[in-house]
file my_file35.cif (mmCIF, C-alpha atoms and all ligand atoms)
data_my_file
loop_
_atom_site.label_atom_id
_atom_site.label_comp_id
_atom_site.auth_asym_id
_atom_site.auth_seq_id
_atom_site.Cartn_x
_atom_site.Cartn_y
_atom_site.Cartn_z
CA MET H 247 -25.88 22.94 19.95
CA ALA H 248 -23.90 24.56 22.77
CA ARG H 249 -21.37 21.70 23.16
CA ARG H 250 -17.63 22.37 23.09
CA PHE H 251 -15.40 20.13 20.99
CA ASP H 252 -11.78 19.71 22.13
CA SER H 253 -11.14 16.58 20.10
CA VAL H 254 -12.41 16.15 16.52
CA ALA H 255 -12.18 13.25 14.06
CA VAL H 256 -13.20 13.36 10.41
CA LEU H 257 -13.71 10.44 8.00
CA THR H 258 -13.78 11.29 4.30
CA GLY H 259 -14.58 9.22 1.23
CA ALA H 260 -14.61 9.73 -2.53
CA GLY H 261 -17.58 12.15 -2.28
CA ILE H 262 -15.42 14.93 -0.82
CA SER H 263 -13.37 14.89 -4.05
CA ALA H 264 -16.39 14.63 -6.38
CA GLU H 265 -16.62 18.41 -6.81
CA SER H 266 -12.94 18.38 -7.75
CA ASN H 267 -14.05 16.09 -10.62
CA VAL H 268 -12.40 12.97 -9.21
CA PRO H 269 -14.75 10.07 -10.08
CA THR H 270 -16.32 8.29 -7.11
CA PHE H 271 -16.34 4.50 -6.83
CA ARG H 272 -19.97 3.57 -6.66
CA GLY H 273 -21.62 6.46 -8.39
CA LYS H 274 -22.63 6.54 -12.05
CA ASP H 275 -19.01 7.32 -12.98
CA GLY H 276 -17.72 4.35 -10.95
CA LEU H 277 -16.89 2.36 -14.06
CA TRP H 278 -13.71 2.30 -16.16
CA ARG H 279 -13.99 0.54 -19.50
CA GLN H 280 -16.41 -2.21 -18.39
CA TYR H 281 -14.79 -2.84 -15.00
CA ARG H 282 -15.85 -1.87 -11.48
CA ALA H 283 -13.27 -0.81 -8.88
CA GLU H 284 -13.90 -3.96 -6.82
CA GLU H 285 -12.80 -6.05 -9.83
CA LEU H 286 -9.54 -4.19 -10.42
CA ALA H 287 -8.48 -3.12 -6.90
CA THR H 288 -7.55 -6.66 -5.83
CA PRO H 289 -4.29 -8.66 -5.57
CA GLY H 290 -5.83 -11.30 -7.86
CA ALA H 291 -6.53 -8.80 -10.64
CA PHE H 292 -2.95 -7.51 -10.42
CA GLN H 293 -1.56 -11.07 -10.43
CA ARG H 294 -3.65 -11.96 -13.48
CA ASP H 295 -3.20 -8.76 -15.46
CA PRO H 296 -0.79 -6.17 -14.00
CA ILE H 297 -0.91 -4.18 -17.25
CA LEU H 298 -4.72 -3.76 -17.10
CA VAL H 299 -4.60 -2.75 -13.42
CA TRP H 300 -1.80 -0.28 -14.08
CA GLU H 301 -3.70 1.18 -17.09
CA TRP H 302 -6.59 1.88 -14.69
CA TYR H 303 -4.27 3.56 -12.16
CA ASP H 304 -2.49 5.48 -14.93
CA TRP H 305 -5.89 6.78 -16.12
CA ARG H 306 -6.88 7.80 -12.55
CA ARG H 307 -3.49 9.44 -11.90
CA GLY H 308 -3.89 11.43 -15.10
CA LEU H 309 -7.37 12.57 -14.03
CA ILE H 310 -6.36 13.42 -10.46
CA ALA H 311 -3.25 15.33 -11.62
CA SER H 312 -5.56 17.86 -13.34
CA CYS H 313 -7.90 18.18 -10.31
CA GLU H 314 -7.69 20.82 -7.60
CA PRO H 315 -8.80 20.57 -3.95
CA ASN H 316 -12.25 22.12 -3.40
CA ALA H 317 -13.85 24.20 -0.65
CA ALA H 318 -14.61 21.07 1.39
CA HIS H 319 -10.93 20.07 1.49
CA ARG H 320 -9.98 23.64 2.39
CA THR H 321 -12.56 23.80 5.18
CA LEU H 322 -10.92 20.78 6.84
CA VAL H 323 -7.60 22.65 6.74
CA ASP H 324 -9.25 25.57 8.60
CA MET H 325 -10.67 23.15 11.17
CA GLU H 326 -7.27 21.53 11.73
CA THR H 327 -5.66 24.93 12.41
CA ARG H 328 -8.35 25.72 14.99
CA CYS H 329 -8.14 22.47 16.96
CA GLU H 330 -4.97 20.94 18.34
CA ASP H 331 -6.59 17.49 18.66
CA PHE H 332 -7.87 17.06 15.12
CA VAL H 333 -7.40 13.89 13.02
CA LEU H 334 -8.44 13.58 9.38
CA ILE H 335 -8.98 9.93 8.44
CA THR H 336 -9.40 9.45 4.70
CA GLN H 337 -10.28 6.46 2.53
CA ASN H 338 -9.22 8.46 -0.51
CA VAL H 339 -5.94 7.80 -2.28
CA ASP H 340 -6.04 11.00 -4.41
CA GLY H 341 -3.77 13.11 -2.16
CA LEU H 342 -6.08 16.15 -2.42
CA HIS H 343 -6.21 16.63 1.37
CA GLN H 344 -2.40 17.05 1.43
CA ARG H 345 -2.54 19.41 -1.56
CA ALA H 346 -5.17 21.50 0.24
CA GLY H 347 -2.81 21.83 3.23
CA SER H 348 -4.08 19.23 5.71
CA SER H 349 -1.26 17.64 7.71
CA ARG H 350 -2.75 15.47 10.44
CA ILE H 351 -3.98 12.83 7.99
CA VAL H 352 -4.40 9.04 8.27
CA GLU H 353 -4.53 7.63 4.71
CA LEU H 354 -6.26 4.33 5.50
CA HIS H 355 -6.10 3.02 1.93
CA GLY H 356 -2.73 4.45 0.84
CA ASN H 357 -1.90 7.00 -1.84
CA ILE H 358 -2.10 6.75 -5.64
CA TRP H 359 1.18 8.71 -6.00
CA GLU H 360 3.14 6.06 -4.08
CA MET H 361 4.48 2.77 -5.47
CA ARG H 362 5.85 -0.36 -3.81
CA CYS H 363 8.32 -2.93 -5.15
CA THR H 364 6.62 -6.33 -5.38
CA ALA H 365 9.94 -8.01 -4.49
CA GLU H 366 11.57 -5.75 -1.88
CA ASN H 367 8.49 -3.88 -0.52
CA ALA H 368 10.43 -0.61 -0.72
CA THR H 369 8.07 2.31 -1.34
CA SER H 370 8.69 5.35 -3.53
CA GLU H 371 6.81 8.43 -4.65
CA ASN H 372 6.14 8.81 -8.37
CA HIS H 373 4.15 11.56 -10.13
CA ASP H 374 4.82 10.57 -13.79
CA VAL H 375 1.67 11.27 -15.84
CA PRO H 376 1.32 9.32 -18.05
CA LEU H 377 3.55 6.46 -16.87
CA PRO H 378 6.45 6.07 -19.33
CA GLN H 379 6.35 2.27 -18.87
CA ILE H 380 3.51 -0.09 -17.87
CA PRO H 381 3.99 -1.88 -15.56
CA PRO H 382 6.62 0.43 -13.97
CA MET H 383 9.65 -1.59 -12.93
CA CYS H 384 11.86 -1.39 -9.87
CA SER H 385 15.63 -1.02 -10.36
CA CYS H 386 15.87 -4.56 -8.92
CA GLY H 387 13.96 -5.82 -11.98
CA ALA H 388 10.65 -6.62 -10.25
CA PRO H 389 7.38 -4.86 -11.18
CA LEU H 390 6.18 -2.02 -8.96
CA ARG H 391 2.57 -1.93 -7.67
CA PRO H 392 0.44 0.96 -6.47
CA HIS H 393 1.08 1.49 -2.74
CA VAL H 394 -2.63 1.29 -1.93
CA VAL H 395 -4.74 -1.21 0.05
CA TRP H 396 -6.69 -3.49 -2.26
CA PHE H 397 -9.85 -5.41 -1.35
CA GLY H 398 -8.88 -8.48 0.65
CA GLU H 399 -5.65 -6.82 1.86
CA SER H 400 -5.14 -5.76 5.46
CA LEU H 401 -4.73 -2.11 6.32
CA ASP H 402 -1.46 -0.83 7.81
CA PRO H 403 -1.84 -1.69 11.54
CA ASP H 404 -0.31 1.62 12.67
CA ARG H 405 -2.77 3.57 10.54
CA ILE H 406 -5.91 1.70 11.57
CA SER H 407 -4.93 1.86 15.24
CA ALA H 408 -4.32 5.64 14.91
CA ALA H 409 -7.81 5.90 13.42
CA TYR H 410 -9.35 3.82 16.24
CA ARG H 411 -7.59 5.98 18.86
CA ALA H 412 -8.86 9.16 17.22
CA VAL H 413 -12.50 8.07 17.02
CA GLU H 414 -12.47 6.61 20.55
CA ARG H 415 -11.42 9.97 22.06
CA CYS H 416 -13.22 12.48 19.83
CA GLN H 417 -16.20 14.53 21.01
CA LEU H 418 -17.21 15.36 17.43
CA MET H 419 -16.96 13.14 14.35
CA LEU H 420 -17.75 14.35 10.85
CA VAL H 421 -18.32 11.76 8.10
CA VAL H 422 -18.10 13.35 4.65
CA GLY H 423 -18.78 11.80 1.23
CA THR H 424 -18.63 8.09 1.94
CA SER H 425 -21.14 5.36 1.09
CA ALA H 426 -20.08 3.75 4.39
CA VAL H 427 -19.87 0.21 2.95
CA VAL H 428 -16.12 -0.49 2.92
CA GLN H 429 -14.73 -2.06 6.08
CA PRO H 430 -13.01 -1.46 8.43
CA ALA H 431 -13.41 2.31 7.70
CA ALA H 432 -17.21 2.10 7.78
CA SER H 433 -17.12 0.94 11.42
CA LEU H 434 -15.25 4.01 12.67
CA PRO H 435 -18.32 6.26 13.08
CA ALA H 436 -20.08 3.63 15.25
CA ILE H 437 -17.03 3.49 17.53
CA ALA H 438 -17.10 7.28 17.87
CA LYS H 439 -20.82 7.19 18.64
CA ASP H 440 -20.33 4.43 21.23
CA SER H 441 -17.66 6.60 22.84
CA GLY H 442 -20.14 9.48 23.22
CA ALA H 443 -19.20 11.60 20.20
CA TYR H 444 -21.62 13.90 18.39
CA LEU H 445 -21.87 12.48 14.86
CA ILE H 446 -22.57 14.61 11.77
CA GLU H 447 -22.83 13.09 8.27
CA VAL H 448 -22.49 15.15 5.09
CA ASN H 449 -23.55 13.38 1.89
CA LEU H 450 -25.67 13.85 -1.22
CA GLU H 451 -27.92 11.04 -0.02
CA LYS H 452 -28.63 8.90 3.04
CA THR H 453 -26.31 5.97 3.78
CA PRO H 454 -26.37 2.95 6.16
CA LEU H 455 -24.73 5.32 8.67
CA SER H 456 -27.48 7.96 8.57
CA PRO H 457 -29.75 6.41 11.25
CA TRP H 458 -26.88 6.66 13.79
CA ALA H 459 -25.94 10.26 12.99
CA ASP H 460 -27.03 13.12 15.27
CA GLU H 461 -27.25 15.28 12.15
CA VAL H 462 -27.50 14.28 8.47
CA ILE H 463 -26.74 17.17 6.11
CA LEU H 464 -27.84 16.33 2.56
CA GLY H 465 -26.03 18.32 -0.09
CA PRO H 466 -22.71 18.72 -1.88
CA ALA H 467 -19.74 18.74 0.52
CA ALA H 468 -18.12 21.79 -1.12
CA GLU H 469 -21.20 23.82 -0.16
CA GLU H 470 -22.35 22.13 3.05
CA LEU H 471 -19.00 21.74 4.85
CA PRO H 472 -18.10 25.46 4.76
CA ARG H 473 -21.67 26.21 5.95
CA LEU H 474 -21.37 23.66 8.78
CA TRP H 475 -17.98 25.10 9.78
CA GLY H 476 -19.55 28.57 10.03
CA ARG H 477 -22.03 27.11 12.53
CA LEU H 478 -19.51 24.99 14.48
CA LYS H 479 -16.62 27.45 14.68
CA GLU H 480 -17.38 28.91 18.10
CA SER H 481 -17.80 25.40 19.59
CA PHE H 482 -14.27 24.47 18.64
CA CYS H 483 -11.36 24.14 21.06
C1 LIG G 501 -9.80 -5.82 4.98
C2 LIG G 501 -7.91 1.73 -2.37
C3 LIG G 501 -9.07 -7.60 6.37
C4 LIG G 501 -7.72 1.22 -3.73
C5 LIG G 501 -10.02 0.89 -1.49
C6 LIG G 501 -14.72 -10.62 1.10
C7 LIG G 501 -13.39 -10.88 0.84
C8 LIG G 501 -12.38 -10.04 1.28
C9 LIG G 501 -12.70 -8.89 1.98
C10 LIG G 501 -14.03 -8.63 2.22
C11 LIG G 501 -15.04 -9.47 1.81
N1 LIG G 501 -16.24 -8.94 2.19
C12 LIG G 501 -16.01 -7.77 2.84
C13 LIG G 501 -14.68 -7.59 2.88
C14 LIG G 501 -14.00 -6.49 3.49
C15 LIG G 501 -13.72 -5.48 2.37
C16 LIG G 501 -14.97 -4.66 2.15
O1 LIG G 501 -15.30 -3.83 2.97
N2 LIG G 501 -15.67 -4.88 1.01
C17 LIG G 501 -16.87 -4.11 0.75
C18 LIG G 501 -16.96 -3.79 -0.75
C19 LIG G 501 -18.07 -4.90 1.25
N3 LIG G 501 -12.66 -4.66 2.91
C20 LIG G 501 -11.39 -4.97 2.64
O2 LIG G 501 -11.05 -5.87 1.89
C21 LIG G 501 -10.38 -4.13 3.39
N4 LIG G 501 -9.43 -5.00 4.01
O3 LIG G 501 -10.94 -5.92 5.37
O4 LIG G 501 -8.74 -6.55 5.48
C22 LIG G 501 -9.36 -8.78 5.49
C23 LIG G 501 -8.29 -9.36 4.84
C24 LIG G 501 -8.54 -10.49 4.07
C25 LIG G 501 -9.83 -11.01 3.94
C26 LIG G 501 -10.90 -10.38 4.59
C27 LIG G 501 -10.67 -9.26 5.36
C28 LIG G 501 -9.65 -3.22 2.41
C29 LIG G 501 -10.61 -2.17 1.90
C30 LIG G 501 -9.83 -1.12 1.11
C31 LIG G 501 -10.12 -1.28 -0.36
N5 LIG G 501 -9.44 -0.20 -1.08
N6 LIG G 501 -9.34 1.85 -2.12
C32 LIG G 501 -7.98 2.31 -4.75
O5 LIG G 501 -8.63 3.33 -4.43
O6 LIG G 501 -7.51 2.12 -5.88
S1 LIG G 501 -11.65 1.09 -1.15
C33 LIG G 501 -12.37 2.30 -2.08
O7 LIG G 501 -13.70 2.40 -1.55
C34 LIG G 501 -11.79 3.68 -1.94
O8 LIG G 501 -10.75 3.78 -0.99
C35 LIG G 501 -12.98 4.48 -1.44
O9 LIG G 501 -12.62 5.57 -0.72
C36 LIG G 501 -13.62 3.44 -0.63
C37 LIG G 501 -14.96 3.68 -0.06
O10 LIG G 501 -15.77 4.21 -1.05
P1 LIG G 501 -16.28 5.71 -0.81
O11 LIG G 501 -15.10 6.56 -0.52
O12 LIG G 501 -17.37 5.70 0.18
O13 LIG G 501 -16.79 6.10 -2.25
P2 LIG G 501 -18.17 5.68 -2.91
O14 LIG G 501 -18.07 5.98 -4.36
O15 LIG G 501 -18.56 4.32 -2.45
O16 LIG G 501 -19.23 6.69 -2.24
C38 LIG G 501 -19.14 8.07 -2.49
C39 LIG G 501 -20.11 8.72 -1.55
O17 LIG G 501 -20.01 10.12 -1.70
C40 LIG G 501 -21.56 8.34 -1.84
O18 LIG G 501 -22.23 8.11 -0.61
C41 LIG G 501 -22.12 9.60 -2.52
O19 LIG G 501 -23.49 9.81 -2.21
C42 LIG G 501 -21.28 10.67 -1.88
N7 LIG G 501 -21.09 11.86 -2.70
C43 LIG G 501 -20.92 11.93 -4.05
N8 LIG G 501 -20.73 13.22 -4.41
C44 LIG G 501 -20.78 13.96 -3.27
C45 LIG G 501 -21.00 13.11 -2.18
N9 LIG G 501 -21.10 13.54 -0.92
C46 LIG G 501 -20.98 14.87 -0.72
N10 LIG G 501 -20.76 15.76 -1.73
C47 LIG G 501 -20.66 15.35 -3.00
N11 LIG G 501 -20.45 16.25 -3.98
#
call {"tool": "encode", "arguments": {"input": "my_file35.cif", "output": "structure tokens"}}
result
Amino acid sequence: MARRFDSVAVLTGAGISAESNVPTFRGKDGLWRQYRAEELATPGAFQRDPILVWEWYDWRRGLIASCEPNAAHRTLVDMETRCEDFVLITQNVDGLHQRAGSSRIVELHGNIWEMRCTAENATSENHDVPLPQIPPMCSCGAPLRPHVVWFGESLDPDRISAAYRAVERCQLMLVVGTSAVVQPAASLPAIAKDSGAYLIEVNLEKTPLSPWADEVILGPAAEELPRLWGRLKESFC
């Protein structure tokens, strides 16, 4: 492929963190106690049982705190340094892209290390593992919630429009480690494709996106992304 890529967009999902031992959502390890993520990551679940929802987040925060970014995360940092128009759009809330050194990131679904006051909406960063108090409380007396986007909640308009702008102008889009079922993130690759981008998917298995991809690379991201980068490097801006 002799194309040149001056503008690159990447969409990542839980699969890019799998080799860092962060559990994915829909894989075999997608369960916590007997609950699925879709049952807990909702405003209704938090309304009904804020302690249960916070116990789930406390467990995930504890897991993620002991995880390190892997070679796939680090490859995206290399790519970003080699291309001035590079946007990393992630559905992940684990913060591993930042820890790897990525900076041009759009966190579509928020970040597990950020909290928001349910009364004042003020956001804060908190890395306590484990949480000293569940639910954590704001100084105003109201409970804090994870500053993430739950199912049925709208995404931050600035973030989703930044993602749309990136995929509309990119010449290359990589989609790494996502089951491509959660909207509106799952529609981003189709927009890139419609705008003429070359679309490469990296996943352990095929997804609903695979038929639209110009290349489907089946294998673990921590192995396949560095290999892909070795092949793409000279085509980059
Ligand atoms: C919205 C943050 C407008 C929380 C997440 C009915 C009612 C209400 C809404 C809906 C509805 N029907 C549909 C919707 C829309 C809904 C949706 O898409 N539902 C799906 C389930 C059908 N979307 C929303 O609600 C969004 N908001 O639409 O607002 C609106 C408003 C009101 C009413 C209607 C619409 C908000 C979606 C955001 C939800 N929040 N996370 C938290 O994390 O705690 S989503 C959650 O799923 C994570 O962010 C995760 O990233 C994301 C997507 O999952 P994946 O990342 O793809 O992970 P998954 O486990 O699924 O797949 C892993 C993949 O990796 C697999 O393909 C696997 O093969 C691969 N893999 C594994 N290991 C490796 C690997 N690949 C490579 N290497 C490996 N080693």
call {"tool": "atom_distance", "arguments": {"input": "my_file35.cif", "atom1": "atom CA of H:Gly347", "atom2": "atom N9 of ligand LIG 501 (chain G)"}}
result
20.5 Å
call {"tool": "residues_near_ligand", "arguments": {"input": "my_file35.cif", "ligand": "ligand LIG 501 (chain G)", "cutoff": "7 Å", "atoms": "all atoms listed in the file", "output": "ChimeraX atom specification"}}
result
/H:258-262,264-265,270-273,276,284,287,337-339,355-356,394-401,422-430,448-451,453,465-468
call {"tool": "closest_residue", "arguments": {"input": "my_file35.cif", "among": "H:Cys416, H:Met383, H:Ile406, H:Ile446", "to": "H:Ser433", "atoms": "all atoms listed in the file"}}
result
H:Ile406
call {"tool": "residues_around", "arguments": {"input": "my_file35.cif", "residues": "H:Glu469", "least_positions_apart": "6", "cutoff": "10 Å", "atoms": "all atoms listed in the file", "output": "list in words"}}
result
Glu265, Asn316, Ala317 and Ala318 of chain H
call {"tool": "closest_residue", "arguments": {"input": "my_file35.cif", "among": "H:Ile463, H:Val413, H:Leu474, H:Val421", "to": "H:Ile437", "atoms": "only C-alpha atoms"}}
result
H:Val413
call {"tool": "atom_distance", "arguments": {"input": "my_file35.cif", "atom1": "atom CA of H:Asp331", "atom2": "atom CA of H:Arg250"}}
result
12.9 Å
call {"tool": "residues_around", "arguments": {"input": "my_file35.cif", "residues": "H:Val375", "least_positions_apart": "6", "cutoff": "9 Å", "atoms": "all atoms listed in the file", "output": "compact mmCIF listing (two decimals) with C-alpha atoms, keeping the file's coordinate frame"}}
result
# COMPACT_ATOMS: atom_id res chain seq x y z
CA ASP H 304 -2.49 5.48 -14.93
CA TRP H 305 -5.89 6.78 -16.12
CA ARG H 307 -3.49 9.44 -11.90
CA GLY H 308 -3.89 11.43 -15.10
CA ALA H 311 -3.25 15.33 -11.62
call {"tool": "residues_around", "arguments": {"input": "my_file35.cif", "residues": "H:Leu322", "least_positions_apart": "5", "cutoff": "9 Å", "atoms": "all atoms listed in the file", "output": "ChimeraX atom specification"}}
result
/H:256,317,327,334,343,346-348,471-472,475
call {"tool": "write_last_selection", "arguments": {"input": "my_file35.cif", "atoms": "C-alpha atoms", "output": "CSV table (one decimal), in the coordinates of the input"}}
result
chain,number,residue,atom,x,y,z
H,256,VAL,CA,-13.2,13.4,10.4
H,317,ALA,CA,-13.8,24.2,-0.6
H,327,THR,CA,-5.7,24.9,12.4
H,334,LEU,CA,-8.4,13.6,9.4
H,343,HIS,CA,-6.2,16.6,1.4
H,346,ALA,CA,-5.2,21.5,0.2
H,347,GLY,CA,-2.8,21.8,3.2
H,348,SER,CA,-4.1,19.2,5.7
H,471,LEU,CA,-19.0,21.7,4.8
H,472,PRO,CA,-18.1,25.5,4.8
H,475,TRP,CA,-18.0,25.1,9.8
call {"tool": "atom_distance", "arguments": {"input": "my_file35.cif", "atom1": "atom CA of H:Asp440", "atom2": "atom CA of H:Leu455"}}
result
13.3 Å
call {"tool": "residues_around", "arguments": {"input": "my_file35.cif", "residues": "stretch 457-459 of chain H", "least_positions_apart": "3", "cutoff": "9 Å", "atoms": "only C-alpha atoms", "output": "VMD selection string"}}
result
chain H and resid 435 to 436 439 444 to 447 452 to 454 462
call {"tool": "residues_around", "arguments": {"input": "my_file35.cif", "residues": "H:Ser481", "least_positions_apart": "5", "cutoff": "12 Å", "atoms": "all atoms listed in the file", "output": "ChimeraX atom specification"}}
result
/H:247-254,325,328-329,417-418,474-476
call {"tool": "closest_residue", "arguments": {"input": "my_file35.cif", "among": "H:Gln293, H:Asn372, H:Thr336, H:Thr364", "to": "H:Leu420", "atoms": "only C-alpha atoms"}}
result
H:Thr336
call {"tool": "axis_aligned_box", "arguments": {"input": "my_file35.cif", "around": "stretch 467-481 of chain H", "padding_each_side": "5 Å", "output": "JSON"}}
result
{"center_x": -19.5, "center_y": 23.8, "center_z": 9.2, "size_x": 15.7, "size_y": 20.2, "size_z": 30.7}
call {"tool": "closest_residue", "arguments": {"input": "my_file35.cif", "among": "H:Ser312, H:Ser370, H:Gln344, H:Ser266", "to": "H:Arg391", "atoms": "all atoms listed in the file"}}
result
H:Ser370
call {"tool": "build_atoms", "arguments": {"input": "my_file35.cif", "residues": "stretch 299-308 of chain H", "atoms": "all heavy atoms", "output": "compact mmCIF listing (two decimals), in the coordinates of the input"}}
result
# COMPACT_ATOMS: atom_id res chain seq x y z
N VAL H 299 -4.44 -3.48 -14.69
CA VAL H 299 -4.60 -2.75 -13.42
C VAL H 299 -3.81 -1.45 -13.46
O VAL H 299 -4.31 -0.39 -13.08
CB VAL H 299 -4.19 -3.64 -12.23
CG1 VAL H 299 -4.16 -2.84 -10.93
CG2 VAL H 299 -5.14 -4.83 -12.12
N TRP H 300 -2.58 -1.51 -14.01
CA TRP H 300 -1.80 -0.28 -14.08
C TRP H 300 -2.41 0.70 -15.08
O TRP H 300 -2.35 1.91 -14.86
CB TRP H 300 -0.33 -0.56 -14.45
CG TRP H 300 0.56 -0.64 -13.26
CD1 TRP H 300 1.29 -1.72 -12.83
CD2 TRP H 300 0.84 0.41 -12.31
NE1 TRP H 300 1.98 -1.42 -11.69
CE2 TRP H 300 1.73 -0.12 -11.35
CE3 TRP H 300 0.42 1.72 -12.18
CZ2 TRP H 300 2.21 0.63 -10.28
CZ3 TRP H 300 0.89 2.49 -11.11
CH2 TRP H 300 1.77 1.94 -10.17
N GLU H 301 -3.04 0.25 -16.15
CA GLU H 301 -3.70 1.18 -17.09
C GLU H 301 -4.81 1.93 -16.37
O GLU H 301 -5.04 3.11 -16.57
CB GLU H 301 -4.24 0.41 -18.30
CG GLU H 301 -3.15 -0.01 -19.27
CD GLU H 301 -3.65 -0.91 -20.40
OE1 GLU H 301 -4.79 -1.45 -20.28
OE2 GLU H 301 -2.91 -1.09 -21.38
N TRP H 302 -5.51 1.23 -15.47
CA TRP H 302 -6.59 1.88 -14.69
C TRP H 302 -6.01 2.94 -13.76
O TRP H 302 -6.48 4.10 -13.72
CB TRP H 302 -7.35 0.82 -13.89
CG TRP H 302 -8.45 1.36 -13.00
CD1 TRP H 302 -9.45 2.23 -13.37
CD2 TRP H 302 -8.69 1.04 -11.63
NE1 TRP H 302 -10.29 2.47 -12.29
CE2 TRP H 302 -9.85 1.74 -11.21
CE3 TRP H 302 -8.04 0.21 -10.69
CZ2 TRP H 302 -10.36 1.65 -9.91
CZ3 TRP H 302 -8.56 0.11 -9.40
CH2 TRP H 302 -9.69 0.82 -9.02
N TYR H 303 -4.89 2.58 -13.07
CA TYR H 303 -4.27 3.56 -12.16
C TYR H 303 -3.67 4.72 -12.93
O TYR H 303 -3.74 5.88 -12.53
CB TYR H 303 -3.24 2.87 -11.25
CG TYR H 303 -3.90 2.19 -10.09
CD1 TYR H 303 -4.23 0.84 -10.14
CD2 TYR H 303 -4.27 2.91 -8.94
CE1 TYR H 303 -4.90 0.22 -9.08
CE2 TYR H 303 -4.94 2.30 -7.89
CZ TYR H 303 -5.25 0.96 -7.97
OH TYR H 303 -5.92 0.36 -6.93
N ASP H 304 -3.09 4.41 -14.11
CA ASP H 304 -2.49 5.48 -14.93
C ASP H 304 -3.57 6.48 -15.35
O ASP H 304 -3.38 7.70 -15.28
CB ASP H 304 -1.83 4.85 -16.16
CG ASP H 304 -0.89 5.81 -16.90
OD1 ASP H 304 -0.27 6.66 -16.21
OD2 ASP H 304 -0.81 5.74 -18.13
N TRP H 305 -4.74 5.94 -15.72
CA TRP H 305 -5.89 6.78 -16.12
C TRP H 305 -6.33 7.65 -14.94
O TRP H 305 -6.50 8.88 -15.08
CB TRP H 305 -7.03 5.88 -16.60
CG TRP H 305 -8.32 6.59 -16.88
CD1 TRP H 305 -8.61 7.38 -17.96
CD2 TRP H 305 -9.49 6.60 -16.05
NE1 TRP H 305 -9.89 7.87 -17.87
CE2 TRP H 305 -10.46 7.41 -16.71
CE3 TRP H 305 -9.82 6.01 -14.83
CZ2 TRP H 305 -11.73 7.62 -16.18
CZ3 TRP H 305 -11.09 6.22 -14.29
CH2 TRP H 305 -12.02 7.03 -14.97
N ARG H 306 -6.46 7.05 -13.73
CA ARG H 306 -6.88 7.80 -12.55
C ARG H 306 -5.84 8.84 -12.17
O ARG H 306 -6.16 9.98 -11.83
CB ARG H 306 -7.13 6.85 -11.38
CG ARG H 306 -8.36 5.96 -11.56
CD ARG H 306 -8.42 4.88 -10.50
NE ARG H 306 -8.64 5.42 -9.16
CZ ARG H 306 -8.46 4.70 -8.05
NH1 ARG H 306 -8.01 3.45 -8.13
NH2 ARG H 306 -8.70 5.23 -6.87
N ARG H 307 -4.54 8.47 -12.24
CA ARG H 307 -3.49 9.44 -11.90
C ARG H 307 -3.55 10.63 -12.85
O ARG H 307 -3.43 11.79 -12.42
CB ARG H 307 -2.11 8.77 -11.94
CG ARG H 307 -1.83 7.82 -10.77
CD ARG H 307 -0.73 6.79 -11.10
NE ARG H 307 0.50 7.38 -11.59
CZ ARG H 307 1.62 7.46 -10.87
NH1 ARG H 307 1.64 7.01 -9.61
NH2 ARG H 307 2.72 7.98 -11.36
N GLY H 308 -3.80 10.34 -14.12
CA GLY H 308 -3.89 11.43 -15.10
C GLY H 308 -5.04 12.36 -14.79
O GLY H 308 -4.92 13.59 -14.86
